[in-house]
Structure formats: C-alpha cells, structure tokens
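Visitor: Below is start-v3.tsv; it holds TSV, C-alpha atoms.
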chain	number	residue	atom	x	y	z
A	1	MET	CA	0.00	0.00	0.00
A	2	ALA	CA	1.36	3.41	-1.03
A	3	GLU	CA	2.23	5.91	1.65
A	4	ARG	CA	0.56	9.27	2.02
A	5	LYS	CA	2.32	12.12	0.23
A	6	TRP	CA	-0.62	14.51	0.19
A	7	GLN	CA	-2.00	17.31	2.27
A	8	GLY	CA	-5.67	18.22	2.56
A	9	HIS	CA	-6.89	21.76	1.94
A	10	VAL	CA	-10.23	23.36	2.70
A	11	PHE	CA	-11.51	26.37	0.75
A	12	ILE	CA	-15.03	27.26	1.75
A	13	GLY	CA	-17.50	30.09	2.12
A	14	MET	CA	-19.50	30.43	5.31
A	15	SER	CA	-21.76	32.82	7.14
A	16	VAL	CA	-20.43	34.76	10.13
A	17	ASP	CA	-22.39	32.31	12.29
A	18	GLY	CA	-20.52	29.38	10.80
A	19	MET	CA	-23.00	27.88	8.33
A	20	ILE	CA	-21.98	26.58	4.91
A	21	ALA	CA	-25.56	26.07	3.68
A	22	ARG	CA	-29.12	26.56	4.80
A	23	THR	CA	-30.90	23.49	6.15
A	24	ASP	CA	-32.33	22.85	2.64
A	25	ASP	CA	-28.84	23.34	1.07
A	26	ASP	CA	-29.78	26.75	-0.32
A	27	LEU	CA	-26.72	28.93	-0.96
A	28	ASP	CA	-28.54	32.16	-1.92
A	29	TRP	CA	-27.07	34.01	1.09
A	30	LEU	CA	-23.52	33.11	0.03
A	31	THR	CA	-23.31	35.02	-3.24
A	32	GLY	CA	-26.16	37.51	-2.93
A	33	GLY	CA	-25.23	41.17	-3.09
A	34	SER	CA	-21.50	40.74	-3.61
A	35	GLU	CA	-19.74	41.56	-6.86
A	36	GLU	CA	-16.72	39.47	-6.00
A	37	THR	CA	-18.19	36.20	-4.85
A	38	PRO	CA	-16.29	34.05	-2.36
A	39	GLU	CA	-15.87	31.41	-5.02
A	40	ASP	CA	-13.97	33.81	-7.28
A	41	ALA	CA	-11.80	35.19	-4.56
A	42	GLY	CA	-8.64	33.19	-4.85
A	43	PHE	CA	-10.50	30.09	-6.00
A	44	THR	CA	-8.75	29.92	-9.38
A	45	ALA	CA	-5.32	30.14	-7.74
A	46	PHE	CA	-6.40	27.58	-5.18
A	47	MET	CA	-7.50	25.15	-7.91
A	48	GLU	CA	-4.11	25.48	-9.57
A	49	LEU	CA	-2.55	24.10	-6.40
A	50	VAL	CA	-4.74	21.03	-6.06
A	51	ASP	CA	-4.50	17.82	-8.03
A	52	HIS	CA	-7.28	15.83	-6.35
A	53	MET	CA	-10.57	16.58	-4.69
A	54	VAL	CA	-12.75	14.69	-2.23
A	55	MET	CA	-16.35	15.60	-1.52
A	56	GLY	CA	-19.40	14.01	0.03
A	57	ARG	CA	-22.49	12.93	-1.83
A	58	SER	CA	-24.53	15.97	-0.72
A	59	THR	CA	-21.89	18.35	-2.03
A	60	TYR	CA	-21.78	16.44	-5.32
A	61	ASP	CA	-25.55	16.86	-5.69
A	62	ILE	CA	-25.31	20.59	-4.94
A	63	VAL	CA	-22.43	21.12	-7.36
A	64	GLN	CA	-24.36	19.42	-10.15
A	65	SER	CA	-27.14	21.98	-9.65
A	66	PHE	CA	-24.64	24.79	-10.43
A	67	GLY	CA	-24.85	24.02	-14.15
A	68	GLU	CA	-21.13	24.54	-14.65
A	69	TRP	CA	-18.64	22.04	-13.27
A	70	PRO	CA	-16.11	24.22	-11.40
A	71	TYR	CA	-13.24	21.75	-11.06
A	72	GLY	CA	-11.85	21.41	-14.60
A	73	ASP	CA	-9.81	18.23	-15.00
A	74	THR	CA	-9.05	17.82	-11.31
A	75	LYS	CA	-9.66	14.24	-10.27
A	76	VAL	CA	-12.73	14.21	-8.02
A	77	LEU	CA	-13.56	11.45	-5.56
A	78	VAL	CA	-17.17	11.37	-4.30
A	79	LEU	CA	-17.75	9.65	-0.97
A	80	SER	CA	-20.96	7.64	-1.11
A	81	THR	CA	-22.10	4.15	-0.21
A	82	THR	CA	-25.00	4.25	-2.68
A	83	LEU	CA	-24.17	6.52	-5.61
A	84	LYS	CA	-23.99	4.92	-9.03
A	85	THR	CA	-23.10	7.34	-11.75
A	86	GLY	CA	-21.96	7.42	-15.34
A	87	ASP	CA	-20.36	10.81	-14.63
A	88	SER	CA	-16.85	10.39	-15.99
A	89	ARG	CA	-15.64	13.48	-14.11
A	90	VAL	CA	-15.86	11.67	-10.78
A	91	GLU	CA	-14.94	8.42	-9.16
A	92	VAL	CA	-17.10	7.03	-6.34
A	93	VAL	CA	-15.38	5.79	-3.19
A	94	ARG	CA	-17.34	3.88	-0.58
A	95	SER	CA	-15.60	4.94	2.61
A	96	PHE	CA	-13.15	7.36	4.17
A	97	GLU	CA	-10.55	4.58	4.20
A	98	GLU	CA	-11.07	3.88	0.53
A	99	ALA	CA	-10.72	7.60	-0.27
A	100	VAL	CA	-7.42	7.78	1.62
A	101	ALA	CA	-6.10	4.60	-0.02
A	102	ARG	CA	-7.06	5.91	-3.47
A	103	LEU	CA	-5.28	9.24	-2.86
A	104	ASN	CA	-2.20	7.42	-1.60
A	105	ASP	CA	-2.14	5.04	-4.58
A	106	ASP	CA	-2.62	7.93	-6.99
A	107	GLY	CA	0.39	9.78	-5.57
A	108	ALA	CA	-1.83	12.78	-4.75
A	109	ARG	CA	-0.04	15.88	-3.38
A	110	HIS	CA	-2.66	18.54	-2.75
A	111	VAL	CA	-6.22	17.46	-2.07
A	112	TYR	CA	-9.19	19.84	-1.95
A	113	VAL	CA	-11.53	18.49	0.72
A	114	ASP	CA	-15.07	19.85	0.47
A	115	GLY	CA	-18.46	19.53	2.15
A	116	GLY	CA	-19.21	19.78	5.85
A	117	ARG	CA	-19.18	16.13	6.81
A	118	THR	CA	-16.15	15.30	4.68
A	119	VAL	CA	-14.19	18.28	6.03
A	120	ARG	CA	-15.00	17.27	9.61
A	121	THR	CA	-13.90	13.68	8.97
A	122	PHE	CA	-10.56	14.71	7.43
A	123	LEU	CA	-9.99	17.37	10.12
A	124	ALA	CA	-10.58	14.89	12.93
A	125	ALA	CA	-8.16	12.48	11.22
A	126	GLY	CA	-5.44	15.15	11.09
A	127	LEU	CA	-5.38	15.23	7.29
A	128	ILE	CA	-6.05	18.93	6.69
A	129	SER	CA	-3.09	21.27	6.46
A	130	THR	CA	-4.72	24.53	5.37
A	131	LEU	CA	-8.13	26.09	5.89
A	132	THR	CA	-9.21	29.04	3.75
A	133	LEU	CA	-12.41	30.37	5.28
A	134	THR	CA	-14.36	33.14	3.60
A	135	ARG	CA	-16.89	34.69	5.95
A	136	VAL	CA	-19.77	36.33	4.15
A	137	PRO	CA	-21.24	39.20	6.20
A	138	VAL	CA	-24.58	37.72	7.19
A	139	LEU	CA	-26.08	35.73	10.06
A	140	ILE	CA	-28.46	33.03	8.83
A	141	GLY	CA	-29.25	31.46	12.19
A	142	GLU	CA	-30.02	27.93	11.12
A	143	GLY	CA	-28.30	25.70	8.63
A	144	LYS	CA	-25.45	23.29	8.14
A	145	PRO	CA	-22.39	24.22	10.18
A	146	LEU	CA	-18.88	23.62	8.89
A	147	PHE	CA	-17.39	22.62	12.21
A	148	GLY	CA	-18.39	20.03	14.77
A	149	ALA	CA	-17.01	17.86	17.53
A	150	ILE	CA	-13.29	16.98	17.36
A	151	PRO	CA	-11.23	14.58	19.49
A	152	ALA	CA	-9.06	17.43	20.87
A	153	ASP	CA	-8.41	21.14	20.31
A	154	ILE	CA	-6.85	21.93	16.94
A	155	PRO	CA	-4.53	24.96	17.15
A	156	LEU	CA	-4.44	27.00	13.95
A	157	ARG	CA	-1.66	29.19	12.62
A	158	HIS	CA	-2.85	32.42	11.02
A	159	LEU	CA	-1.31	32.90	7.58
A	160	GLU	CA	-3.23	35.74	5.97
A	161	THR	CA	-6.46	37.69	6.17
A	162	ARG	CA	-7.94	39.92	3.51
A	163	THR	CA	-11.24	41.68	3.04
A	164	LEU	CA	-13.01	41.11	-0.26
A	165	ASN	CA	-15.45	43.29	-2.13
A	166	GLY	CA	-18.84	42.98	-0.51
A	167	GLY	CA	-17.30	42.72	2.95
A	168	ALA	CA	-16.42	39.05	3.05
A	169	VAL	CA	-13.35	38.32	5.19
A	170	GLN	CA	-11.06	35.59	3.93
A	171	THR	CA	-8.59	34.04	6.36
A	172	ARG	CA	-6.08	31.34	5.57
A	173	TYR	CA	-4.90	29.13	8.43
A	174	ALA	CA	-2.33	26.38	8.61
A	175	ILE	CA	-2.65	23.34	10.83
A	176	GLY	CA	0.39	21.57	12.24
B	177	MET	CA	-42.06	55.37	29.73
B	178	ALA	CA	-38.82	56.77	28.27
B	179	GLU	CA	-38.01	56.02	24.65
B	180	ARG	CA	-34.95	54.12	23.52
B	181	LYS	CA	-31.96	56.30	22.71
B	182	TRP	CA	-29.34	53.55	22.94
B	183	GLN	CA	-27.58	51.12	20.67
B	184	GLY	CA	-26.30	47.71	21.69
B	185	HIS	CA	-22.70	46.66	21.02
B	186	VAL	CA	-21.07	43.26	21.21
B	187	PHE	CA	-17.32	42.84	21.81
B	188	ILE	CA	-16.40	39.22	22.23
B	189	GLY	CA	-13.66	36.66	21.73
B	190	MET	CA	-14.47	33.37	20.09
B	191	SER	CA	-12.82	30.32	18.58
B	192	VAL	CA	-12.71	29.89	14.80
B	193	ASP	CA	-15.50	27.34	15.25
B	194	GLY	CA	-17.70	29.92	16.93
B	195	MET	CA	-17.46	29.05	20.62
B	196	ILE	CA	-17.22	31.68	23.37
B	197	ALA	CA	-16.49	29.18	26.15
B	198	ARG	CA	-15.96	25.51	26.71
B	199	THR	CA	-18.95	23.56	27.98
B	200	ASP	CA	-17.68	24.05	31.55
B	201	ASP	CA	-17.14	27.81	30.92
B	202	ASP	CA	-13.37	27.39	30.75
B	203	LEU	CA	-11.69	30.20	28.78
B	204	ASP	CA	-8.12	28.83	28.78
B	205	TRP	CA	-8.10	28.52	24.97
B	206	LEU	CA	-9.04	32.21	24.59
B	207	THR	CA	-5.93	33.81	26.03
B	208	GLY	CA	-3.42	30.96	25.87
B	209	GLY	CA	-0.30	31.63	23.86
B	210	SER	CA	-1.08	35.15	22.74
B	211	GLU	CA	0.79	38.19	23.98
B	212	GLU	CA	-1.95	40.56	22.94
B	213	THR	CA	-5.10	38.96	24.31
B	214	PRO	CA	-8.42	39.64	22.62
B	215	GLU	CA	-9.55	41.46	25.73
B	216	ASP	CA	-6.73	44.00	25.39
B	217	ALA	CA	-7.15	44.47	21.68
B	218	GLY	CA	-9.33	47.53	21.43
B	219	PHE	CA	-11.18	46.71	24.64
B	220	THR	CA	-10.11	49.87	26.44
B	221	ALA	CA	-11.26	52.05	23.54
B	222	PHE	CA	-14.48	50.08	23.35
B	223	MET	CA	-15.17	50.61	27.06
B	224	GLU	CA	-14.71	54.36	26.60
B	225	LEU	CA	-17.63	54.31	24.16
B	226	VAL	CA	-20.09	52.46	26.37
B	227	ASP	CA	-22.04	53.87	29.30
B	228	HIS	CA	-24.06	50.79	30.25
B	229	MET	CA	-23.57	47.07	30.15
B	230	VAL	CA	-25.98	44.13	30.21
B	231	MET	CA	-24.89	40.57	30.90
B	232	GLY	CA	-26.47	37.29	31.87
B	233	ARG	CA	-26.03	35.57	35.19
B	234	SER	CA	-23.52	33.01	33.85
B	235	THR	CA	-21.29	35.77	32.50
B	236	TYR	CA	-21.49	37.60	35.82
B	237	ASP	CA	-20.31	34.46	37.63
B	238	ILE	CA	-17.43	34.01	35.17
B	239	VAL	CA	-16.34	37.65	35.42
B	240	GLN	CA	-16.25	37.44	39.20
B	241	SER	CA	-13.76	34.59	38.89
B	242	PHE	CA	-11.38	36.93	36.97
B	243	GLY	CA	-10.33	38.60	40.22
B	244	GLU	CA	-10.28	42.03	38.66
B	245	TRP	CA	-13.53	43.76	37.66
B	246	PRO	CA	-12.90	44.88	34.06
B	247	TYR	CA	-15.72	47.42	33.68
B	248	GLY	CA	-14.67	50.36	35.86
B	249	ASP	CA	-17.61	52.57	36.76
B	250	THR	CA	-19.76	51.49	33.83
B	251	LYS	CA	-23.26	50.74	35.04
B	252	VAL	CA	-23.79	46.98	34.78
B	253	LEU	CA	-27.17	45.27	34.62
B	254	VAL	CA	-27.19	41.54	35.37
B	255	LEU	CA	-30.10	39.54	33.96
B	256	SER	CA	-31.25	36.98	36.51
B	257	THR	CA	-34.51	35.82	38.02
B	258	THR	CA	-32.82	34.48	41.16
B	259	LEU	CA	-29.64	36.44	41.88
B	260	LYS	CA	-29.53	38.36	45.14
B	261	THR	CA	-26.34	40.27	45.60
B	262	GLY	CA	-24.84	42.98	47.73
B	263	ASP	CA	-22.45	43.76	44.86
B	264	SER	CA	-22.81	47.54	44.47
B	265	ARG	CA	-21.16	47.45	41.02
B	266	VAL	CA	-24.21	45.77	39.48
B	267	GLU	CA	-27.96	46.06	39.40
B	268	VAL	CA	-30.07	42.93	38.94
B	269	VAL	CA	-32.88	43.00	36.39
B	270	ARG	CA	-35.39	40.18	36.27
B	271	SER	CA	-36.21	40.07	32.55
B	272	PHE	CA	-35.21	41.28	29.10
B	273	GLU	CA	-38.13	43.74	29.22
B	274	GLU	CA	-36.98	45.12	32.55
B	275	ALA	CA	-33.43	45.52	31.23
B	276	VAL	CA	-34.69	47.46	28.19
B	277	ALA	CA	-36.96	49.66	30.35
B	278	ARG	CA	-34.10	50.38	32.73
B	279	LEU	CA	-31.75	51.37	29.88
B	280	ASN	CA	-34.45	53.61	28.40
B	281	ASP	CA	-35.19	55.27	31.74
B	282	ASP	CA	-31.49	55.79	32.37
B	283	GLY	CA	-31.05	57.57	29.05
B	284	ALA	CA	-28.40	55.02	28.02
B	285	ARG	CA	-26.62	55.68	24.71
B	286	HIS	CA	-24.13	52.86	24.13
B	287	VAL	CA	-24.76	49.51	25.78
B	288	TYR	CA	-22.22	46.68	25.90
B	289	VAL	CA	-24.20	43.46	25.61
B	290	ASP	CA	-22.29	40.39	26.78
B	291	GLY	CA	-22.76	36.66	27.22
B	292	GLY	CA	-24.08	34.18	24.65
B	293	ARG	CA	-27.71	34.04	25.67
B	294	THR	CA	-27.99	37.77	26.28
B	295	VAL	CA	-26.34	38.60	22.96
B	296	ARG	CA	-28.72	36.24	21.13
B	297	THR	CA	-31.76	37.80	22.82
B	298	PHE	CA	-30.71	41.37	21.97
B	299	LEU	CA	-29.72	40.38	18.41
B	300	ALA	CA	-33.07	38.70	17.77
B	301	ALA	CA	-34.81	41.82	19.11
B	302	GLY	CA	-32.89	44.05	16.67
B	303	LEU	CA	-31.10	45.92	19.46
B	304	ILE	CA	-27.48	45.33	18.43
B	305	SER	CA	-25.84	47.85	16.13
B	306	THR	CA	-22.21	46.69	16.14
B	307	LEU	CA	-20.49	43.34	16.54
B	308	THR	CA	-16.75	43.19	17.23
B	309	LEU	CA	-15.73	39.55	16.89
B	310	THR	CA	-12.21	38.45	17.72
B	311	ARG	CA	-11.48	34.99	16.36
B	312	VAL	CA	-8.73	33.22	18.24
B	313	PRO	CA	-6.90	30.72	16.00
B	314	VAL	CA	-8.07	27.45	17.47
B	315	LEU	CA	-10.87	24.92	16.96
B	316	ILE	CA	-12.26	23.65	20.26
B	317	GLY	CA	-15.04	21.47	18.86
B	318	GLU	CA	-17.49	21.58	21.70
B	319	GLY	CA	-18.59	24.46	23.88
B	320	LYS	CA	-20.98	27.35	24.10
B	321	PRO	CA	-21.62	28.97	20.73
B	322	LEU	CA	-22.15	32.72	20.38
B	323	PHE	CA	-24.79	32.50	17.70
B	324	GLY	CA	-28.05	30.58	17.48
B	325	ALA	CA	-31.44	30.64	15.83
B	326	ILE	CA	-32.76	34.02	14.68
B	327	PRO	CA	-36.19	35.00	13.31
B	328	ALA	CA	-34.70	36.01	9.92
B	329	ASP	CA	-31.32	36.58	8.24
B	330	ILE	CA	-29.36	39.48	9.69
B	331	PRO	CA	-27.22	41.17	7.01
B	332	LEU	CA	-24.00	42.62	8.40
B	333	ARG	CA	-21.97	45.52	7.08
B	334	HIS	CA	-18.21	45.00	7.27
B	335	LEU	CA	-16.49	47.97	8.90
B	336	GLU	CA	-12.94	46.84	9.63
B	337	THR	CA	-10.76	43.77	10.00
B	338	ARG	CA	-7.36	43.57	11.60
B	339	THR	CA	-5.03	40.80	12.60
B	340	LEU	CA	-3.73	40.89	16.17
B	341	ASN	CA	-0.54	39.49	17.63
B	342	GLY	CA	-0.96	35.77	18.10
B	343	GLY	CA	-3.03	35.47	14.93
B	344	ALA	CA	-6.43	36.47	16.21
B	345	VAL	CA	-8.58	38.18	13.58
B	346	GLN	CA	-10.80	40.98	14.78
B	347	THR	CA	-13.67	42.10	12.60
B	348	ARG	CA	-16.11	44.88	13.32
B	349	TYR	CA	-19.56	44.70	11.71
B	350	ALA	CA	-22.48	47.09	11.74
B	351	ILE	CA	-26.10	45.96	11.67
B	352	GLY	CA	-28.81	48.08	10.08
Take the structure in this file and express it as structure tokens.

Guide:
Amino acid sequence: MAERKWQGHVFIGMSVDGMIARTDDDLDWLTGGSEETPEDAGFTAFMELVDHMVMGRSTYDIVQSFGEWPYGDTKVLVLSTTLKTGDSRVEVVRSFEEAVARLNDDGARHVYVDGGRTVRTFLAAGLISTLTLTRVPVLIGEGKPLFGAIPADIPLRHLETRTLNGGAVQTRYAIG
Amino acid sequence: MAERKWQGHVFIGMSVDGMIARTDDDLDWLTGGSEETPEDAGFTAFMELVDHMVMGRSTYDIVQSFGEWPYGDTKVLVLSTTLKTGDSRVEVVRSFEEAVARLNDDGARHVYVDGGRTVRTFLAAGLISTLTLTRVPVLIGEGKPLFGAIPADIPLRHLETRTLNGGAVQTRYAIG
C-alpha cells in the first residue's frame, strides 16, 4: 500500500455564524449582493494548487445543480455508499478509508476536501493542512455548520487575512 | 415610559469554530499563547464608548472569577430571576423587558451586551448595532456557541478587519 504524500486543503465560504448552507442546502445568502463572490476570490489560484478533490455525496448533488462544473480536469472522488453514476468526471469511493487509499495510490499531493461532513472527517483524522475560510457578512441562524465535535483542540496558525469586495473576510490558516 | 436612545454593542472573543467558552465555561483557549489577548485588543477604547452594560447571570459568575472587575464605573445590569447580591457594582434585572426599560429610563446611549444568551436575545430583538468579533486561531469542537437561531437573516456591514498578535482576527460589523 502506497504511503501518504498529500495534504488536505479546505476552501469554503460560510456565514459569520458558521453555516456553509441553509438546512435545505440553499446557498442564496452566500453570493447575494457581492460583486466578488467568495468562489472567485482566490479560488482559481487555489484550484491550480490542487490535483485531487474529495467531496461528500450531498456536495456532489449541490455542485451538479450549479450548471457549470467548477473543477476542470481535477480528479474528483465522491464519498458515497450508494451513488452509481456514469459521470466520468468523478470516481465514487465507498468509505473514508477507501478515499485515503485511493489518494495514496494515486500519488496525490494537494487534495481539496469539500463539504461539511467530509471536512469534519478529514480534520478529525489530522489530514487537513490549510483552511481558507471566507466569511460572508450575514447571520443566517439555522443551517449546516462547517465545524463540529473533534477529538481534541486543533490549534491553527494564522497565515493571511484579507477583506473582499462585498465585505467578506477571507482568512487562511495552517494546521500543524 | 422613556423612549430608547441607545444602541447595543457586542465585543467578544471566540474560537474559529464559533465558541465563546468551553462547555464548563473554561476560557483557557481564549488567552493561551497570545501576547496581545483579545480582551486588550481595542477593549479599552471600546469601554470608553459604552455607558451601560448588560450581561447574563452566567457571564457575571465568570467575570467574578477573573479577580479584577474589568468594567470600571460602567453601570452593569445583570439579567437573573434568582440572583440576590450585595455587589454595588451591578444592578439585577429580572427580565429582558426590565433591562430594556431600565436602559431607556437611564437615558443610556451605548450599551455593551455580553454573554451568549444575552447577545442572542438582543440580536433577535434588533437591538445590536455593532459586533466586534475576535477569532482566536483554534478549533475547540465543543462548547458554548455565540450564535443561534434568529427569526430572519441578519445582514452585516463589514467595517474593519485587523489581525492581532498571536493570529487572532478581529472584525467589526455594523447591523442596520
């Protein structure tokens, strides 16, 4: 079995109260009213860094609703125990362990980890090395939070903060 | 009954995952490792603005454990239905309505609103006009969150963001 040569990276937009989506997965609050959307802000440069991506099934469903596939030729693993798809842009993996093994075997170097549950799983496993969080200036109250329980405190190292058009605040942290 | 001439202000430290205290109210993670603690960073200037303060009973108990009373001569209302105290630095109010009436009667202008539950109550009532959030670079996973359910989205207006020593990111937002 190949050893791990990759680092996980998170790049995600969230509300000031920590939500990455409304309860019904609506993302209207995320882009509304801003000329420079969080997804533009540094996203292209970020995608140039990554060679692989892992996301959960819910995120895959949401991304498909975007119309445009935002990940170019980046190899995308979708975590799902049930998904069957003819979508040649993705590869389905059945478990966290299978995702990790696949990334190791592929010689992945920089892996974009996306979706709340998937991010939490990789964070708890110590597999995330940078977090780029873009806080959109709104409180939505209820929804799907990015963060959740972790086995122990995770200290972060502040790398950079910048304010985007529309008042979003983007901070990049390193872990470890 | 006097009319309201005051605005509510929040000035609070939190983890990157949105907690203002551990489940047992421990704040060790908030000040640990940083030379410039969130409480120093702009806190003195903030206190010069405010003339009144409102906090919940839990916050009052925590502040008493600090040893030093950080609020000088600022008039402090403590929200509690049960507290009896000979502490001349505070005045106990029995309900949110009583707190608001007292601030109105007093001719308050700038009110520091502190403590998770109290902040959420005043936010939901539309009585907060600025939020100064200082994000300390750590994930603690479990604890007491600042934010919670609200009747409707609250759009924020970004005023200023700065990075403090130790990597905390302080952002000031206006509401309304």

Visitor: My list of candidates is B:Leu309, B:Leu203, B:Val230, B:Val295. Which is closest to chain A when distances are computed with only C-alpha atoms?

Guide: B:Leu309

Visitor: How many Å lie between CA of Pro313 (chain B) and CA of Arg109 (chain A), rounded to one decimal?

Guide: 25.4 Å

Visitor: Write out as CSV the residues of chain B that have any atom within 6 Å of an atom of chain A, one row each with the nearest atom pair and its distance in Å to one decimal, counting all atoms listed in the file, sorted by chain and then rising number.

Guide:
residue,atom,partner,partner_atom,distance
B:Asp193,CA,A:Phe147,CA,5.9
B:Pro313,CA,A:Leu156,CA,4.9
B:Val314,CA,A:Pro155,CA,4.3
B:Leu315,CA,A:Ile154,CA,5.0
B:Ile316,CA,A:Asp153,CA,4.6
B:Gly317,CA,A:Ala149,CA,4.3
B:Glu318,CA,A:Ala149,CA,5.6
B:Phe323,CA,A:Asp17,CA,5.9
B:Gly324,CA,A:Gly141,CA,5.5
B:Ala325,CA,A:Gly141,CA,4.3
B:Ile326,CA,A:Gly141,CA,5.0
B:Asp329,CA,A:Ile140,CA,4.6
B:Ile330,CA,A:Leu139,CA,5.0
B:Pro331,CA,A:Val138,CA,4.3
B:Leu332,CA,A:Pro137,CA,4.9
B:His334,CA,A:Gly167,CA,5.0
B:Gly343,CA,A:His158,CA,5.0

Visitor: Would you mind telling me which residue in B:Leu206, B:Pro246, B:Phe272, B:Val266 lies nearest to Arg296 (chain B) when using only C-alpha atoms?

Guide: B:Phe272

Visitor: List every protein, DNA or RNA residue that has an atom no more than 10 Å from (-10.3, 29.5, -1.2) in the file's coordinate frame, counting all atoms listed in the file, and report them as a PyMOL selection string.

Guide: chain A and resi 9-13+38-47+112+130-134+170-172

Visitor: I'd like the interatomic distance between CA of Lys75 (chain A) and CA of Met14 (chain A), to a tenth of an Å.

Guide: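 CA of Lys75 (chain A) sits 24.5 Å away from CA of Met14 (chain A).
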
Visitor: Find the distance between CA of Thr297 (chain B) and CA of Glu274 (chain B) and write it in Å to one decimal.

Guide: 13.2 Å

Visitor: Name the closest residue to Thr199 (chain B) among the candidates B:Trp245, B:His286, B:Lys320, B:Val269; distances are taken between atoms, counting all atoms listed in the file.

Guide: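 Checking each candidate against Thr199 (chain B), we get B:Lys320 as the closest.
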
Visitor: Find the spatial neighbours of Leu83 (chain A), counting only C-alpha atoms, within a cut-off of 10 Å - ignore same-chain residues fewer than 4 positions away - and output them as a count of residues only.

Guide: 6

Visitor: Please give the centre and size of the box around region 246-259 of chain B (axis-aligned, containing every atom listed in the file, 6 Å added per side), with values in Å to one decimal and written as AutoDock Vina command-line options.

Guide:
--center_x -23.7 --center_y 43.5 --center_z 37.8 --size_x 33.6 --size_y 30.1 --size_z 20.2

Visitor: Hey, which of A:Val100, A:Ser65, A:Arg22, A:Thr81 ends up closest to Phe122 (chain A)? Count all atoms listed in the file.

Guide: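 Under the stated criterion, the closest residue is A:Val100.
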
Visitor: So which one's closest to His52 (chain A), A:Gly67, A:Gly86, A:Gly115, A:Gly107? Using all atoms listed in the file, please.

Guide: A:Gly107
